[in-house]
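Peer 1: First, the structure itself, so that you have it in front of you.
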Amino acid sequence: MDSNSRIQIFGVNIDPVTVEDVHNYIAGIIDQNGHELILNVNIHCLNLAFERPWLRDFLNRAGLLYCDGAGVILAARLLGHRIPERITYADWMWQLSGFVAAKGYSMYFLGAHPGIAERAQARLQQRFPNLSVLGTHHGYFNKESTSAENLSVVEQINAVRPDILVTGLGQPMQERWLYENWNNVDARIALTGGAVFDYVSGNLRRGPRWMTDNGFEWLARLVVEPKRLWRRYVIGNPLFYWRFLRTELMSGSQPRWSKHT
């Protein structure tokens, strides 16, 4: 993407793109036999990147880094920029699958509890019978890069050589896994999808549209999974805006990421 249009928050360069832009970018990479990361950020991911220099650097390695969070859109607006839309997997995975099926591309699903990715595959193929999913693997394996289980997972992916690898391991585990393994994975594109397979399979319910479409998806998720997500939202959201105010909006501040780490 055009580096001049990117929006920087906490040293992370975000592309202001639409779903159509992402699909066009995917087609270009696959058709040219490329090997590229397409990643996404929300408030939680930017908080993690603020604290973890390796993650910030990894996000900036992506060929395309899009926004999946109303809070990021608001932060960009406060900086005088516009992000045209929030791209969230609960909606986009269905659009992506229709696009992939129409183009004749292939996918591989990695993540979630055993059986969930297979259920997601079945539901997607009910709607898109021509969708090619070459394999699935759950996310509960030893992810140490040199472990036998991890090497076996990489080998299974490489045996089928998918155009698109969708990882649903959660943040920052999915990013760390790609950070350590992507150079050895024979796929054209890697996507990071968080809880994508839980949503698509129906294992995890989503909040009502009036919440998800108006910047309150975080609240809906908190209501559904309070024990797991309370820290991310109750602490993480105010922390993000405090950091944003201190490092991005207050003049004379010294961003943490400008230090040598």
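Residue numbering restarts at 1 in every chain; chains get A, B, ... in the order shown in the structure tokens, and ligands count up from 1 in that same order.
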With the cut-off set at 7 Å and counting only C-alpha atoms, tabulate each residue of region 69-138 of chain A with an atom at most that distance from an atom of region 145-167 of chain A, showing the nearest atom pair and its distance in Å to one decimal, ordered by chain and increasing number, as a Markdown table.
Peer 2:
```
| residue | atom | partner | partner_atom | distance |
| --- | --- | --- | --- | --- |
| A:Tyr105 | CA | A:Asp163 | CA | 6.1 |
| A:Ser106 | CA | A:Asp163 | CA | 5.2 |
| A:Met107 | CA | A:Ile164 | CA | 4.6 |
| A:Tyr108 | CA | A:Leu165 | CA | 4.9 |
| A:Phe109 | CA | A:Val166 | CA | 5.1 |
| A:Leu110 | CA | A:Thr167 | CA | 4.8 |
| A:Gly111 | CA | A:Thr167 | CA | 5.8 |
| A:Leu134 | CA | A:Val160 | CA | 6.5 |
```
Peer 1: Arg82 (chain A): which residues within 12 Å, counting only C-alpha atoms, same-chain residues fewer than 2 positions away excluded, as a list of chain:residue names?
Peer 2: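 Those residues are A:Ser5, A:Arg6, A:Ile7, A:Ile14, A:Asp15, A:Pro16, A:Val17, A:Thr18, A:Cys67, A:Ala70, A:Val72, A:Ile73, A:Leu74, A:Ala75, A:Ala76, A:Arg77, A:Leu78, A:Leu79, A:Gly80, A:Pro84, A:Glu85, A:Arg86.
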Peer 1: Kindly provide the residues of region 156-179 of chain A that approach region 41-64 of chain A to within 8 Å, each paired with its closest atom pair and their distance in Å to one decimal, based on only C-alpha atoms, listed by chain and increasing number, as CSV.
Peer 2:
```
residue,atom,partner,partner_atom,distance
A:Gln171,CA,A:Cys45,CA,6.9
A:Pro172,CA,A:Cys45,CA,7.4
A:Glu175,CA,A:Leu55,CA,7.4
A:Arg176,CA,A:Leu55,CA,7.6
A:Tyr179,CA,A:Phe58,CA,6.7
```
Peer 1: Pick out each residue of region 7-176 of chain A that DSSP on the backbone tags as strand (DSSP E); I need them as an NGL selection string.
Peer 2: :A and (7-9 or 12-14 or 36-41 or 64-67 or 106-111 or 132-137 or 164-168)
Peer 1: I need the residues from that last selection saved to file as an mmCIF file, in the first residue's frame (with C-alpha atoms), if you can.
Peer 2:
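Ended up saving to result-v2.cif:
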```cif
data_model
loop_
_atom_site.group_PDB
_atom_site.id
_atom_site.type_symbol
_atom_site.label_atom_id
_atom_site.label_comp_id
_atom_site.auth_asym_id
_atom_site.auth_seq_id
_atom_site.Cartn_x
_atom_site.Cartn_y
_atom_site.Cartn_z
ATOM 1 C CA ILE A 7 -1.567 6.610 9.891
ATOM 2 C CA GLN A 8 0.900 6.135 12.744
ATOM 3 C CA ILE A 9 -0.299 5.363 16.272
ATOM 4 C CA VAL A 12 2.462 1.350 14.195
ATOM 5 C CA ASN A 13 1.652 2.232 10.580
ATOM 6 C CA ILE A 14 -2.025 1.633 9.761
ATOM 7 C CA GLU A 36 2.947 -11.450 2.348
ATOM 8 C CA LEU A 37 1.445 -10.685 5.747
ATOM 9 C CA ILE A 38 -1.927 -8.946 5.999
ATOM 10 C CA LEU A 39 -2.514 -8.025 9.638
ATOM 11 C CA ASN A 40 -4.972 -5.947 11.651
ATOM 12 C CA VAL A 41 -5.014 -3.772 14.752
ATOM 13 C CA LEU A 64 -1.067 -4.235 4.619
ATOM 14 C CA LEU A 65 -2.218 -3.410 8.152
ATOM 15 C CA TYR A 66 -5.901 -2.569 8.429
ATOM 16 C CA CYS A 67 -8.157 -1.362 11.252
ATOM 17 C CA SER A 106 -7.632 -21.744 -1.495
ATOM 18 C CA MET A 107 -7.411 -21.395 2.281
ATOM 19 C CA TYR A 108 -6.140 -23.230 5.356
ATOM 20 C CA PHE A 109 -7.557 -22.660 8.851
ATOM 21 C CA LEU A 110 -5.294 -22.753 11.919
ATOM 22 C CA GLY A 111 -6.626 -22.100 15.406
ATOM 23 C CA SER A 132 -11.615 -24.474 -1.237
ATOM 24 C CA VAL A 133 -10.360 -25.101 2.309
ATOM 25 C CA LEU A 134 -7.388 -27.423 1.964
ATOM 26 C CA GLY A 135 -7.049 -28.269 5.638
ATOM 27 C CA THR A 136 -7.611 -27.254 9.244
ATOM 28 C CA HIS A 137 -5.716 -27.613 12.508
ATOM 29 C CA ILE A 164 -4.308 -17.944 2.221
ATOM 30 C CA LEU A 165 -3.457 -19.128 5.733
ATOM 31 C CA VAL A 166 -5.978 -17.848 8.286
ATOM 32 C CA THR A 167 -4.634 -17.981 11.850
ATOM 33 C CA GLY A 168 -7.048 -17.746 14.767
#
```
Peer 1: Using the chain letters and numbers from this document, which residues of region 38-236 of chain A does DSSP assign to helix (DSSP H, G or I), as a PyMOL selection string?
Peer 2: chain A and resi 43-51+53-59+70-78+89-103+116-127+148-160+173-184+196-201+209-212+217-224+226-236
Peer 1: Report, in Å to a single decimal, how far apart CA of Leu178 (chain A) and CA of Ala102 (chain A) are.
Peer 2: 27.1 Å
Peer 1: Can you work out the spacing between CA of Trp92 (chain A) and CA of Ala122 (chain A) in Å, to one decimal?
Peer 2: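 Taking CA of Trp92 (chain A) and CA of Ala122 (chain A), their separation equals 16.8 Å.
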